[in-house]
file query-v1.cif (mmCIF, C-alpha atoms and all ligand atoms; chains and numbers go by the auth columns)
data_run
#
loop_
_atom_site.group_PDB
_atom_site.id
_atom_site.type_symbol
_atom_site.label_atom_id
_atom_site.label_comp_id
_atom_site.label_asym_id
_atom_site.label_seq_id
_atom_site.Cartn_x
_atom_site.Cartn_y
_atom_site.Cartn_z
_atom_site.B_iso_or_equiv
_atom_site.auth_seq_id
_atom_site.auth_asym_id
ATOM 1 C CA MET A 1 103.983 36.722 -2.857 0.00 595 A
ATOM 2 C CA PHE A 2 103.366 38.703 -6.057 0.00 596 A
ATOM 3 C CA ASP A 3 102.817 37.300 -9.544 0.00 597 A
ATOM 4 C CA ILE A 4 104.720 39.427 -12.044 0.00 598 A
ATOM 5 C CA TYR A 5 104.585 38.898 -15.800 0.00 599 A
ATOM 6 C CA LEU A 6 107.874 39.709 -17.496 0.00 600 A
ATOM 7 C CA ALA A 7 107.785 41.631 -20.787 0.00 601 A
ATOM 8 C CA SER A 8 110.852 39.952 -22.242 0.00 602 A
ATOM 9 C CA SER A 9 111.783 37.340 -24.816 0.00 603 A
ATOM 10 C CA ASN A 10 115.275 36.913 -23.350 0.00 604 A
ATOM 11 C CA LYS A 11 115.447 33.638 -21.361 0.00 605 A
ATOM 12 C CA HIS A 12 118.748 34.516 -19.642 0.00 606 A
ATOM 13 C CA LYS A 13 117.326 37.787 -18.399 0.00 607 A
ATOM 14 C CA ALA A 14 114.207 35.988 -17.142 0.00 608 A
ATOM 15 C CA LEU A 15 116.338 33.485 -15.188 0.00 609 A
ATOM 16 C CA GLU A 16 118.381 36.253 -13.523 0.00 610 A
ATOM 17 C CA ILE A 17 115.219 38.157 -12.560 0.00 611 A
ATOM 18 C CA GLU A 18 113.423 35.035 -11.354 0.00 612 A
ATOM 19 C CA GLU A 19 116.380 34.060 -9.164 0.00 613 A
ATOM 20 C CA PHE A 20 116.769 37.531 -7.671 0.00 614 A
ATOM 21 C CA LEU A 21 113.083 37.939 -6.764 0.00 615 A
ATOM 22 C CA ARG A 22 112.616 34.400 -5.463 0.00 616 A
ATOM 23 C CA GLY A 23 110.574 34.430 -2.246 0.00 617 A
ATOM 24 C CA ILE A 24 108.912 37.786 -2.927 0.00 618 A
ATOM 25 C CA ALA A 25 107.591 37.367 -6.484 0.00 619 A
ATOM 26 C CA ARG A 26 106.882 34.645 -9.021 0.00 620 A
ATOM 27 C CA ILE A 27 108.090 35.602 -12.503 0.00 621 A
ATOM 28 C CA LEU A 28 105.748 34.504 -15.263 0.00 622 A
ATOM 29 C CA ILE A 29 105.933 34.638 -19.039 0.00 623 A
ATOM 30 C CA HIS A 30 102.766 35.319 -21.048 0.00 624 A
ATOM 31 C CA GLU A 31 102.380 33.337 -24.263 0.00 625 A
ATOM 32 C CA LYS A 32 100.776 36.256 -26.113 0.00 626 A
ATOM 33 C CA TYR A 33 103.708 38.635 -25.540 0.00 627 A
ATOM 34 C CA THR A 34 105.861 39.374 -28.550 0.00 628 A
ATOM 35 C CA SER A 35 108.698 41.907 -28.438 0.00 629 A
ATOM 36 C CA PRO A 36 107.615 45.348 -29.685 0.00 630 A
ATOM 37 C CA PRO A 37 109.931 47.516 -31.823 0.00 631 A
ATOM 38 C CA GLU A 38 112.307 49.265 -29.408 0.00 632 A
ATOM 39 C CA THR A 39 111.917 52.751 -30.845 0.00 633 A
ATOM 40 C CA GLY A 40 112.779 54.678 -27.662 0.00 634 A
ATOM 41 C CA GLU A 41 115.873 56.832 -27.341 0.00 635 A
ATOM 42 C CA SER A 42 116.576 55.835 -23.754 0.00 636 A
ATOM 43 C CA PHE A 43 116.578 52.656 -21.679 0.00 637 A
ATOM 44 C CA ARG A 44 113.626 54.106 -19.756 0.00 638 A
ATOM 45 C CA GLU A 45 111.550 54.712 -22.881 0.00 639 A
ATOM 46 C CA ASN A 46 112.173 51.188 -24.137 0.00 640 A
ATOM 47 C CA ALA A 47 111.376 49.616 -20.754 0.00 641 A
ATOM 48 C CA ILE A 48 108.052 51.522 -20.771 0.00 642 A
ATOM 49 C CA ILE A 49 107.306 50.410 -24.364 0.00 643 A
ATOM 50 C CA LYS A 50 107.836 46.749 -23.362 0.00 644 A
ATOM 51 C CA ALA A 51 105.795 47.020 -20.140 0.00 645 A
ATOM 52 C CA LYS A 52 102.935 48.840 -21.924 0.00 646 A
ATOM 53 C CA THR A 53 102.814 46.203 -24.670 0.00 647 A
ATOM 54 C CA LEU A 54 102.259 43.439 -22.122 0.00 648 A
ATOM 55 C CA SER A 55 100.039 45.537 -19.829 0.00 649 A
ATOM 56 C CA HIS A 56 97.741 46.110 -22.800 0.00 650 A
ATOM 57 C CA ILE A 57 97.275 42.324 -23.121 0.00 651 A
ATOM 58 C CA ILE A 58 96.796 41.687 -19.376 0.00 652 A
ATOM 59 C CA PRO A 59 95.728 45.013 -17.779 0.00 653 A
ATOM 60 C CA GLU A 60 94.716 43.369 -14.494 0.00 654 A
ATOM 61 C CA GLU A 61 98.173 41.860 -13.857 0.00 655 A
ATOM 62 C CA LEU A 62 101.497 43.255 -12.643 0.00 656 A
ATOM 63 C CA VAL A 63 104.028 43.447 -15.466 0.00 657 A
ATOM 64 C CA LEU A 64 107.729 44.230 -15.496 0.00 658 A
ATOM 65 C CA GLY A 65 109.524 45.726 -18.493 0.00 659 A
ATOM 66 C CA GLU A 66 113.321 45.822 -18.463 0.00 660 A
ATOM 67 C CA ASP A 67 115.639 47.441 -20.975 0.00 661 A
ATOM 68 C CA SER A 68 119.371 47.090 -20.670 0.00 662 A
ATOM 69 C CA GLY A 69 122.580 47.594 -22.564 0.00 663 A
ATOM 70 C CA LEU A 70 126.279 48.280 -22.558 0.00 664 A
ATOM 71 C CA VAL A 71 127.608 51.854 -22.707 0.00 665 A
ATOM 72 C CA VAL A 72 131.175 52.458 -23.915 0.00 666 A
ATOM 73 C CA PRO A 73 132.187 56.139 -23.618 0.00 667 A
ATOM 74 C CA PHE A 74 135.171 55.576 -26.009 0.00 668 A
ATOM 75 C CA LEU A 75 132.551 54.720 -28.691 0.00 669 A
ATOM 76 C CA GLY A 76 130.385 57.751 -27.905 0.00 670 A
ATOM 77 C CA GLY A 77 128.061 55.663 -25.728 0.00 671 A
ATOM 78 C CA ALA A 78 127.554 52.804 -28.238 0.00 672 A
ATOM 79 C CA PRO A 79 126.187 50.186 -28.347 0.00 673 A
ATOM 80 C CA GLY A 80 123.823 51.701 -25.703 0.00 674 A
ATOM 81 C CA VAL A 81 120.109 51.277 -26.411 0.00 675 A
ATOM 82 C CA SER A 82 121.058 49.389 -29.584 0.00 676 A
ATOM 83 C CA SER A 83 123.087 46.761 -27.669 0.00 677 A
ATOM 84 C CA HIS A 84 121.002 43.842 -28.892 0.00 678 A
ATOM 85 C CA ARG A 85 121.162 44.848 -32.557 0.00 679 A
ATOM 86 C CA PHE A 86 124.722 46.278 -32.612 0.00 680 A
ATOM 87 C CA SER A 87 125.790 43.972 -35.461 0.00 681 A
ATOM 88 C CA SER A 88 123.397 43.426 -38.350 0.00 682 A
ATOM 89 C CA SER A 89 122.536 39.864 -37.246 0.00 683 A
ATOM 90 C CA GLY A 90 121.993 40.821 -33.596 0.00 684 A
ATOM 91 C CA ASP A 91 123.677 37.561 -32.637 0.00 685 A
ATOM 92 C CA ASP A 92 125.660 37.700 -29.337 0.00 686 A
ATOM 93 C CA GLU A 93 128.825 36.324 -30.950 0.00 687 A
ATOM 94 C CA GLU A 94 128.655 38.814 -33.847 0.00 688 A
ATOM 95 C CA ASN A 95 127.979 41.715 -31.466 0.00 689 A
ATOM 96 C CA ILE A 96 131.064 40.772 -29.443 0.00 690 A
ATOM 97 C CA LYS A 97 133.250 40.465 -32.557 0.00 691 A
ATOM 98 C CA LEU A 98 132.145 43.897 -33.751 0.00 692 A
ATOM 99 C CA LEU A 99 132.842 45.436 -30.335 0.00 693 A
ATOM 100 C CA ILE A 100 136.328 43.885 -30.169 0.00 694 A
ATOM 101 C CA GLU A 101 136.997 45.250 -33.660 0.00 695 A
ATOM 102 C CA LYS A 102 135.821 48.764 -32.767 0.00 696 A
ATOM 103 C CA MET A 103 137.954 48.728 -29.593 0.00 697 A
ATOM 104 C CA ARG A 104 141.089 47.713 -31.538 0.00 698 A
ATOM 105 C CA ASP A 105 142.827 51.064 -30.955 0.00 699 A
ATOM 106 C CA ALA A 106 141.570 51.552 -27.404 0.00 700 A
ATOM 107 C CA HIS A 107 144.240 51.463 -24.687 0.00 701 A
ATOM 108 C CA ASP A 108 143.591 50.301 -21.116 0.00 702 A
ATOM 109 C CA GLU A 109 142.394 53.746 -20.009 0.00 703 A
ATOM 110 C CA ASP A 110 139.901 53.939 -22.928 0.00 704 A
ATOM 111 C CA ARG A 111 138.279 50.624 -22.074 0.00 705 A
ATOM 112 C CA LYS A 112 135.971 51.772 -19.278 0.00 706 A
ATOM 113 C CA ALA A 113 132.356 50.712 -19.827 0.00 707 A
ATOM 114 C CA TYR A 114 129.163 50.182 -17.895 0.00 708 A
ATOM 115 C CA PHE A 115 125.970 48.170 -18.128 0.00 709 A
ATOM 116 C CA VAL A 116 122.603 49.810 -17.462 0.00 710 A
ATOM 117 C CA SER A 117 119.364 48.082 -16.512 0.00 711 A
ATOM 118 C CA TYR A 118 116.112 50.059 -16.336 0.00 712 A
ATOM 119 C CA GLY A 119 113.032 48.430 -14.849 0.00 713 A
ATOM 120 C CA VAL A 120 109.400 49.533 -14.961 0.00 714 A
ATOM 121 C CA LEU A 121 106.652 47.837 -12.932 0.00 715 A
ATOM 122 C CA MET A 122 103.217 48.488 -14.337 0.00 716 A
ATOM 123 C CA LYS A 123 99.566 47.615 -13.841 0.00 717 A
ATOM 124 C CA GLY A 124 96.740 48.671 -16.129 0.00 718 A
ATOM 125 C CA GLY A 125 99.184 50.801 -18.130 0.00 719 A
ATOM 126 C CA LYS A 126 100.186 52.827 -15.033 0.00 720 A
ATOM 127 C CA ILE A 127 103.752 52.918 -13.682 0.00 721 A
ATOM 128 C CA LEU A 128 103.830 51.741 -10.049 0.00 722 A
ATOM 129 C CA TRP A 129 107.616 51.705 -9.681 0.00 723 A
ATOM 130 C CA GLU A 130 110.650 52.395 -11.840 0.00 724 A
ATOM 131 C CA GLY A 131 114.375 52.262 -11.221 0.00 725 A
ATOM 132 C CA GLU A 132 117.834 51.988 -12.746 0.00 726 A
ATOM 133 C CA GLY A 133 120.895 49.939 -11.916 0.00 727 A
ATOM 134 C CA ARG A 134 124.472 50.234 -13.220 0.00 728 A
ATOM 135 C CA VAL A 135 127.732 48.362 -12.971 0.00 729 A
ATOM 136 C CA TYR A 136 131.152 49.686 -14.002 0.00 730 A
ATOM 137 C CA GLY A 137 133.918 47.630 -15.562 0.00 731 A
ATOM 138 C CA CYS A 138 135.924 47.537 -18.768 0.00 732 A
ATOM 139 C CA ILE A 139 135.987 45.902 -22.162 0.00 733 A
ATOM 140 C CA ASP A 140 138.412 42.992 -22.215 0.00 734 A
ATOM 141 C CA TYR A 141 140.797 42.372 -25.137 0.00 735 A
ATOM 142 C CA HIS A 142 139.398 38.879 -25.685 0.00 736 A
ATOM 143 C CA GLN A 143 136.508 36.704 -24.569 0.00 737 A
ATOM 144 C CA GLN A 144 136.675 34.726 -21.324 0.00 738 A
ATOM 145 C CA GLY A 145 134.058 32.478 -19.712 0.00 739 A
ATOM 146 C CA GLU A 146 130.997 30.532 -20.738 0.00 740 A
ATOM 147 C CA GLN A 147 128.222 31.737 -18.381 0.00 741 A
ATOM 148 C CA GLY A 148 125.679 34.501 -18.861 0.00 742 A
ATOM 149 C CA PHE A 149 124.739 36.034 -22.197 0.00 743 A
ATOM 150 C CA GLY A 150 125.254 39.033 -24.467 0.00 744 A
ATOM 151 C CA TYR A 151 128.483 40.907 -23.819 0.00 745 A
ATOM 152 C CA ASP A 152 129.305 39.034 -20.575 0.00 746 A
ATOM 153 C CA PRO A 153 132.420 37.296 -22.043 0.00 747 A
ATOM 154 C CA ILE A 154 134.129 40.651 -22.705 0.00 748 A
ATOM 155 C CA PHE A 155 132.840 42.653 -19.730 0.00 749 A
ATOM 156 C CA TYR A 156 135.718 42.523 -17.247 0.00 750 A
ATOM 157 C CA TYR A 157 134.794 43.314 -13.639 0.00 751 A
ATOM 158 C CA PRO A 158 137.946 44.508 -11.809 0.00 752 A
ATOM 159 C CA PRO A 159 136.858 43.763 -8.184 0.00 753 A
ATOM 160 C CA PHE A 160 136.540 40.057 -9.094 0.00 754 A
ATOM 161 C CA LYS A 161 139.347 40.058 -11.712 0.00 755 A
ATOM 162 C CA LYS A 162 136.943 38.092 -13.941 0.00 756 A
ATOM 163 C CA THR A 163 134.562 38.723 -16.792 0.00 757 A
ATOM 164 C CA PHE A 164 130.824 38.464 -16.116 0.00 758 A
ATOM 165 C CA ALA A 165 130.829 35.210 -18.129 0.00 759 A
ATOM 166 C CA GLN A 166 133.154 33.712 -15.494 0.00 760 A
ATOM 167 C CA LEU A 167 130.609 34.297 -12.711 0.00 761 A
ATOM 168 C CA SER A 168 127.731 32.096 -11.565 0.00 762 A
ATOM 169 C CA ARG A 169 124.255 33.599 -11.928 0.00 763 A
ATOM 170 C CA GLU A 170 124.189 34.229 -8.193 0.00 764 A
ATOM 171 C CA GLU A 171 127.593 36.032 -8.233 0.00 765 A
ATOM 172 C CA LYS A 172 126.594 38.123 -11.241 0.00 766 A
ATOM 173 C CA ASN A 173 123.263 39.108 -9.641 0.00 767 A
ATOM 174 C CA ARG A 174 125.114 40.314 -6.539 0.00 768 A
ATOM 175 C CA VAL A 175 127.048 42.990 -8.460 0.00 769 A
ATOM 176 C CA SER A 176 125.313 43.448 -11.823 0.00 770 A
ATOM 177 C CA HIS A 177 123.275 46.334 -13.209 0.00 771 A
ATOM 178 C CA ARG A 178 120.202 44.072 -13.221 0.00 772 A
ATOM 179 C CA GLY A 179 120.851 43.047 -9.620 0.00 773 A
ATOM 180 C CA ALA A 180 121.142 46.722 -8.615 0.00 774 A
ATOM 181 C CA MET A 181 117.827 47.505 -10.319 0.00 775 A
ATOM 182 C CA LEU A 182 116.125 44.448 -8.811 0.00 776 A
ATOM 183 C CA ARG A 183 117.391 45.217 -5.299 0.00 777 A
ATOM 184 C CA GLN A 184 115.389 48.467 -5.429 0.00 778 A
ATOM 185 C CA LEU A 185 112.346 46.671 -6.831 0.00 779 A
ATOM 186 C CA ARG A 186 112.580 44.061 -4.094 0.00 780 A
ATOM 187 C CA LYS A 187 112.650 46.777 -1.407 0.00 781 A
ATOM 188 C CA PHE A 188 109.576 48.386 -2.975 0.00 782 A
ATOM 189 C CA LEU A 189 107.691 45.078 -3.106 0.00 783 A
ATOM 190 C CA GLU A 190 108.598 44.254 0.500 0.00 784 A
ATOM 191 C CA LYS A 191 106.808 47.442 1.618 0.00 785 A
ATOM 192 C CA GLN A 192 103.584 46.612 -0.277 0.00 786 A
ATOM 193 C CA LYS A 193 100.753 44.542 1.182 0.00 787 A
ATOM 194 C CA GLU A 194 99.047 44.246 -2.191 0.00 788 A
ATOM 195 C CA LEU A 195 99.312 45.825 -5.626 0.00 789 A
HETATM 196 P P1 LIG B . 113.952 41.739 -24.337 0.00 801 B
HETATM 197 O O1 LIG B . 113.903 43.100 -24.973 0.00 801 B
HETATM 198 O O2 LIG B . 112.947 40.801 -24.918 0.00 801 B
HETATM 199 O O3 LIG B . 113.905 41.786 -22.837 0.00 801 B
HETATM 200 P P2 LIG B . 116.677 41.753 -25.289 0.00 801 B
HETATM 201 O O4 LIG B . 117.797 40.784 -25.231 0.00 801 B
HETATM 202 O O5 LIG B . 116.367 42.368 -26.632 0.00 801 B
HETATM 203 O O6 LIG B . 115.374 41.056 -24.689 0.00 801 B
HETATM 204 P P3 LIG B . 117.311 44.383 -24.412 0.00 801 B
HETATM 205 O O7 LIG B . 116.506 45.035 -25.462 0.00 801 B
HETATM 206 O O8 LIG B . 117.218 44.944 -23.026 0.00 801 B
HETATM 207 O O9 LIG B . 116.936 42.854 -24.252 0.00 801 B
HETATM 208 O O10 LIG B . 118.799 44.365 -24.923 0.00 801 B
HETATM 209 C C1 LIG B . 119.759 44.083 -24.041 0.00 801 B
HETATM 210 C C2 LIG B . 121.025 43.713 -24.772 0.00 801 B
HETATM 211 O O11 LIG B . 122.096 44.331 -24.060 0.00 801 B
HETATM 212 C C3 LIG B . 121.228 42.221 -24.694 0.00 801 B
HETATM 213 O O12 LIG B . 120.744 41.536 -25.836 0.00 801 B
HETATM 214 C C4 LIG B . 122.734 42.134 -24.528 0.00 801 B
HETATM 215 O O13 LIG B . 123.342 42.204 -25.790 0.00 801 B
HETATM 216 C C5 LIG B . 123.069 43.383 -23.728 0.00 801 B
HETATM 217 N N1 LIG B . 122.981 43.099 -22.280 0.00 801 B
HETATM 218 C C6 LIG B . 122.049 43.554 -21.396 0.00 801 B
HETATM 219 N N2 LIG B . 122.246 43.036 -20.189 0.00 801 B
HETATM 220 C C7 LIG B . 123.313 42.241 -20.293 0.00 801 B
HETATM 221 C C8 LIG B . 123.992 41.398 -19.389 0.00 801 B
HETATM 222 O O14 LIG B . 123.590 41.240 -18.145 0.00 801 B
HETATM 223 N N3 LIG B . 125.043 40.739 -19.831 0.00 801 B
HETATM 224 C C9 LIG B . 125.466 40.846 -21.097 0.00 801 B
HETATM 225 N N4 LIG B . 124.875 41.592 -22.034 0.00 801 B
HETATM 226 C C10 LIG B . 123.796 42.286 -21.636 0.00 801 B
#
call {"tool": "encode", "arguments": {"input": "query-v1.cif", "output": "structure tokens"}}
result
Amino acid sequence: MFDIYLASSNKHKALEIEEFLRGIARILIHEKYTSPPETGESFRENAIIKAKTLSHIIPEELVLGEDSGLVVPFLGGAPGVSSHRFSSSGDDEENIKLLIEKMRDAHDEDRKAYFVSYGVLMKGGKILWEGEGRVYGCIDYHQQGEQGFGYDPIFYYPPFKKTFAQLSREEKNRVSHRGAMLRQLRKFLEKQKEL
């Protein structure tokens, strides 16, 4: 069993990660961690910035940085690495409203989108493992569902005929970008005796 400190201030993300890694790793939050400015131009760069920030505080511990976001090709890749702060308030509800507004003229075929999750496992400032997960779906015309967070109420997942906000945490983890990233991390951890 590994103890991994998560470089995140997002409680929903922490719950998804904790649930996925249950049995192989304990996910811990460090009280001294505060979110650094996400100045990177890619999900990878931002995941490294987060992991390094926490690794600097606790160099002897394993830390995980995760950066994620929604990519909409019709909008030139937006909101992308700026997913959290797409609207000026950065509030989930405002972000969704802005996305619906920007997709006003998008027809069914223009509504394809995907989520990306990039994870970086670090110790003492060194990367031990890194990996990316994606999930493809489309932007719904209106919000549906109450679960999850962020853009989940308008991310429609065709194989389930539901939005991500209509899935339980366990169902979402099975198919999500974060689940795909964590599946690789889990495989890596299962091969390690100690880190
Ligand atoms: P930390 O940086 O502290 O981990 P954060 O919420 O700012 O928390 P990100 O920088 O990775 O995390 O931004 C991710 C944003 O992308 C998030 O706020 C959502 O708006 C969106 N997002 C990422 N994963 C998502 C998911 O599973 N469901 C819905 N929206 C998601």
call {"tool": "closest_residue", "arguments": {"input": "query-v1.cif", "among": "A:Ala700, A:Leu622, A:Leu692, A:Val710", "to": "ligand LIG 801 (chain B)", "atoms": "only C-alpha atoms and all ligand atoms"}}
result
A:Val710
call {"tool": "atom_distance", "arguments": {"input": "query-v1.cif", "atom1": "atom CA of Glu632 of chain A", "atom2": "atom C4 of ligand LIG 801 (chain B)"}}
result
13.5 Å
call {"tool": "residues_near_ligand", "arguments": {"input": "query-v1.cif", "ligand": "ligand LIG 801 (chain B)", "cutoff": "9 Å", "atoms": "all atoms listed in the file", "output": "ChimeraX atom specification"}}
result
/A:600-608,610,628-630,632,637,640-641,644,659-664,673-680,684-686,689-690,709-712,742-749,758-759,766-767,770-772
call {"tool": "atom_distance", "arguments": {"input": "query-v1.cif", "atom1": "atom CA of Leu658 of chain A", "atom2": "atom CA of Glu635 of chain A"}}
result
19.1 Å
call {"tool": "resolve_selection", "arguments": {"input": "query-v1.cif", "expression": "the PyMOL selection byres (((chain A and resi 597) around 6) and not hetatm)", "output": "ChimeraX atom specification"}}
result
/A:596,598,619-620
call {"tool": "atom_distance", "arguments": {"input": "query-v1.cif", "atom1": "atom CA of Ile694 of chain A", "atom2": "atom CA of Asp734 of chain A"}}
result
8.3 Å
call {"tool": "closest_residue", "arguments": {"input": "query-v1.cif", "among": "A:Gln741, A:Gln778, A:Gln760, A:Thr647", "to": "Lys720 of chain A", "atoms": "only C-alpha atoms"}}
result
A:Thr647
call {"tool": "closest_residue", "arguments": {"input": "query-v1.cif", "among": "A:Ile721, A:Glu613, A:His650, A:Glu687", "to": "Leu776 of chain A", "atoms": "only C-alpha atoms"}}
result
A:Glu613
call {"tool": "resolve_selection", "arguments": {"input": "query-v1.cif", "expression": "the PyMOL selection byres (((chain A and resi 651) around 12) and not hetatm)", "output": "number ranges by chain"}}
result
A: 599, 601, 624-628, 644-650, 652-657, 717-719
call {"tool": "residues_around", "arguments": {"input": "query-v1.cif", "residues": "Glu703 of chain A", "least_positions_apart": "2", "cutoff": "12 Å", "atoms": "all atoms listed in the file", "output": "VMD selection string"}}
result
chain A and resid 666 to 668 697 699 to 701 705 to 707 731 to 734
call {"tool": "closest_residue", "arguments": {"input": "query-v1.cif", "among": "A:Glu639, A:Glu764, A:Glu724, A:Asp702", "to": "Leu783 of chain A", "atoms": "only C-alpha atoms"}}
result
A:Glu724
call {"tool": "closest_residue", "arguments": {"input": "query-v1.cif", "among": "A:Leu715, A:Leu761, A:Val665, A:Met775", "to": "Ser636 of chain A", "atoms": "all atoms listed in the file"}}
result
A:Val665
call {"tool": "closest_residue", "arguments": {"input": "query-v1.cif", "among": "A:Gly671, A:Gly773, A:Pro631, A:Gly739", "to": "Tyr708 of chain A", "atoms": "all atoms listed in the file"}}
result
A:Gly671
call {"tool": "build_atoms", "arguments": {"input": "query-v1.cif", "residues": "segment 709-735 of chain A", "atoms": "N, CA and C atoms", "output": "PDB file, in the coordinates of the input"}}
result
ATOM      1  N   PHE A 709     127.272  48.729 -17.750  1.00  0.00           N
ATOM      2  CA  PHE A 709     125.970  48.170 -18.128  1.00  0.00           C
ATOM      3  C   PHE A 709     124.898  48.982 -17.399  1.00  0.00           C
ATOM      4  N   VAL A 710     123.776  49.160 -18.066  1.00  0.00           N
ATOM      5  CA  VAL A 710     122.603  49.810 -17.462  1.00  0.00           C
ATOM      6  C   VAL A 710     121.421  48.851 -17.545  1.00  0.00           C
ATOM      7  N   SER A 711     120.627  48.829 -16.484  1.00  0.00           N
ATOM      8  CA  SER A 711     119.364  48.082 -16.512  1.00  0.00           C
ATOM      9  C   SER A 711     118.277  49.021 -15.999  1.00  0.00           C
ATOM     10  N   TYR A 712     117.223  49.197 -16.776  1.00  0.00           N
ATOM     11  CA  TYR A 712     116.112  50.059 -16.336  1.00  0.00           C
ATOM     12  C   TYR A 712     114.862  49.187 -16.224  1.00  0.00           C
ATOM     13  N   GLY A 713     114.224  49.241 -15.092  1.00  0.00           N
ATOM     14  CA  GLY A 713     113.032  48.430 -14.849  1.00  0.00           C
ATOM     15  C   GLY A 713     111.806  49.294 -14.617  1.00  0.00           C
ATOM     16  N   VAL A 714     110.677  48.826 -15.158  1.00  0.00           N
ATOM     17  CA  VAL A 714     109.400  49.533 -14.961  1.00  0.00           C
ATOM     18  C   VAL A 714     108.335  48.507 -14.564  1.00  0.00           C
ATOM     19  N   LEU A 715     107.745  48.702 -13.387  1.00  0.00           N
ATOM     20  CA  LEU A 715     106.652  47.837 -12.932  1.00  0.00           C
ATOM     21  C   LEU A 715     105.339  48.551 -13.227  1.00  0.00           C
ATOM     22  N   MET A 716     104.446  47.850 -13.864  1.00  0.00           N
ATOM     23  CA  MET A 716     103.217  48.488 -14.337  1.00  0.00           C
ATOM     24  C   MET A 716     102.001  47.641 -14.039  1.00  0.00           C
ATOM     25  N   LYS A 717     100.855  48.327 -13.895  1.00  0.00           N
ATOM     26  CA  LYS A 717      99.566  47.615 -13.841  1.00  0.00           C
ATOM     27  C   LYS A 717      98.540  48.499 -14.530  1.00  0.00           C
ATOM     28  N   GLY A 718      97.759  47.899 -15.420  1.00  0.00           N
ATOM     29  CA  GLY A 718      96.740  48.671 -16.129  1.00  0.00           C
ATOM     30  C   GLY A 718      97.319  49.856 -16.882  1.00  0.00           C
ATOM     31  N   GLY A 719      98.551  49.722 -17.359  1.00  0.00           N
ATOM     32  CA  GLY A 719      99.184  50.801 -18.130  1.00  0.00           C
ATOM     33  C   GLY A 719      99.777  51.911 -17.269  1.00  0.00           C
ATOM     34  N   LYS A 720      99.644  51.788 -15.931  1.00  0.00           N
ATOM     35  CA  LYS A 720     100.186  52.827 -15.033  1.00  0.00           C
ATOM     36  C   LYS A 720     101.490  52.364 -14.384  1.00  0.00           C
ATOM     37  N   ILE A 721     102.476  53.263 -14.316  1.00  0.00           N
ATOM     38  CA  ILE A 721     103.752  52.918 -13.682  1.00  0.00           C
ATOM     39  C   ILE A 721     103.595  52.946 -12.163  1.00  0.00           C
ATOM     40  N   LEU A 722     103.913  51.813 -11.522  1.00  0.00           N
ATOM     41  CA  LEU A 722     103.830  51.741 -10.049  1.00  0.00           C
ATOM     42  C   LEU A 722     105.200  51.972  -9.429  1.00  0.00           C
ATOM     43  N   TRP A 723     106.234  51.559 -10.166  1.00  0.00           N
ATOM     44  CA  TRP A 723     107.616  51.705  -9.681  1.00  0.00           C
ATOM     45  C   TRP A 723     108.540  51.718 -10.905  1.00  0.00           C
ATOM     46  N   GLU A 724     109.624  52.470 -10.799  1.00  0.00           N
ATOM     47  CA  GLU A 724     110.650  52.395 -11.840  1.00  0.00           C
ATOM     48  C   GLU A 724     112.013  52.645 -11.205  1.00  0.00           C
ATOM     49  N   GLY A 725     113.039  52.075 -11.793  1.00  0.00           N
ATOM     50  CA  GLY A 725     114.375  52.262 -11.221  1.00  0.00           C
ATOM     51  C   GLY A 725     115.472  51.790 -12.161  1.00  0.00           C
ATOM     52  N   GLU A 726     116.687  52.305 -11.881  1.00  0.00           N
ATOM     53  CA  GLU A 726     117.834  51.988 -12.746  1.00  0.00           C
ATOM     54  C   GLU A 726     118.989  51.400 -11.941  1.00  0.00           C
ATOM     55  N   GLY A 727     119.690  50.470 -12.535  1.00  0.00           N
ATOM     56  CA  GLY A 727     120.895  49.939 -11.916  1.00  0.00           C
ATOM     57  C   GLY A 727     122.047  50.012 -12.897  1.00  0.00           C
ATOM     58  N   ARG A 728     123.271  50.182 -12.364  1.00  0.00           N
ATOM     59  CA  ARG A 728     124.472  50.234 -13.220  1.00  0.00           C
ATOM     60  C   ARG A 728     125.587  49.409 -12.620  1.00  0.00           C
ATOM     61  N   VAL A 729     126.496  48.964 -13.468  1.00  0.00           N
ATOM     62  CA  VAL A 729     127.732  48.362 -12.971  1.00  0.00           C
ATOM     63  C   VAL A 729     128.876  48.803 -13.882  1.00  0.00           C
ATOM     64  N   TYR A 730     129.997  49.166 -13.246  1.00  0.00           N
ATOM     65  CA  TYR A 730     131.152  49.686 -14.002  1.00  0.00           C
ATOM     66  C   TYR A 730     132.250  48.633 -14.132  1.00  0.00           C
ATOM     67  N   GLY A 731     132.828  48.570 -15.313  1.00  0.00           N
ATOM     68  CA  GLY A 731     133.918  47.630 -15.562  1.00  0.00           C
ATOM     69  C   GLY A 731     134.690  48.080 -16.784  1.00  0.00           C
ATOM     70  N   CYS A 732     135.261  47.152 -17.515  1.00  0.00           N
ATOM     71  CA  CYS A 732     135.924  47.537 -18.768  1.00  0.00           C
ATOM     72  C   CYS A 732     135.834  46.432 -19.818  1.00  0.00           C
ATOM     73  N   ILE A 733     136.084  46.840 -21.041  1.00  0.00           N
ATOM     74  CA  ILE A 733     135.987  45.902 -22.162  1.00  0.00           C
ATOM     75  C   ILE A 733     137.304  45.146 -22.286  1.00  0.00           C
ATOM     76  N   ASP A 734     137.218  43.848 -22.155  1.00  0.00           N
ATOM     77  CA  ASP A 734     138.412  42.992 -22.215  1.00  0.00           C
ATOM     78  C   ASP A 734     138.946  42.923 -23.656  1.00  0.00           C
ATOM     79  N   TYR A 735     140.193  42.481 -23.804  1.00  0.00           N
ATOM     80  CA  TYR A 735     140.797  42.372 -25.137  1.00  0.00           C
ATOM     81  C   TYR A 735     140.326  41.110 -25.859  1.00  0.00           C
TER      82      TYR A 735
END
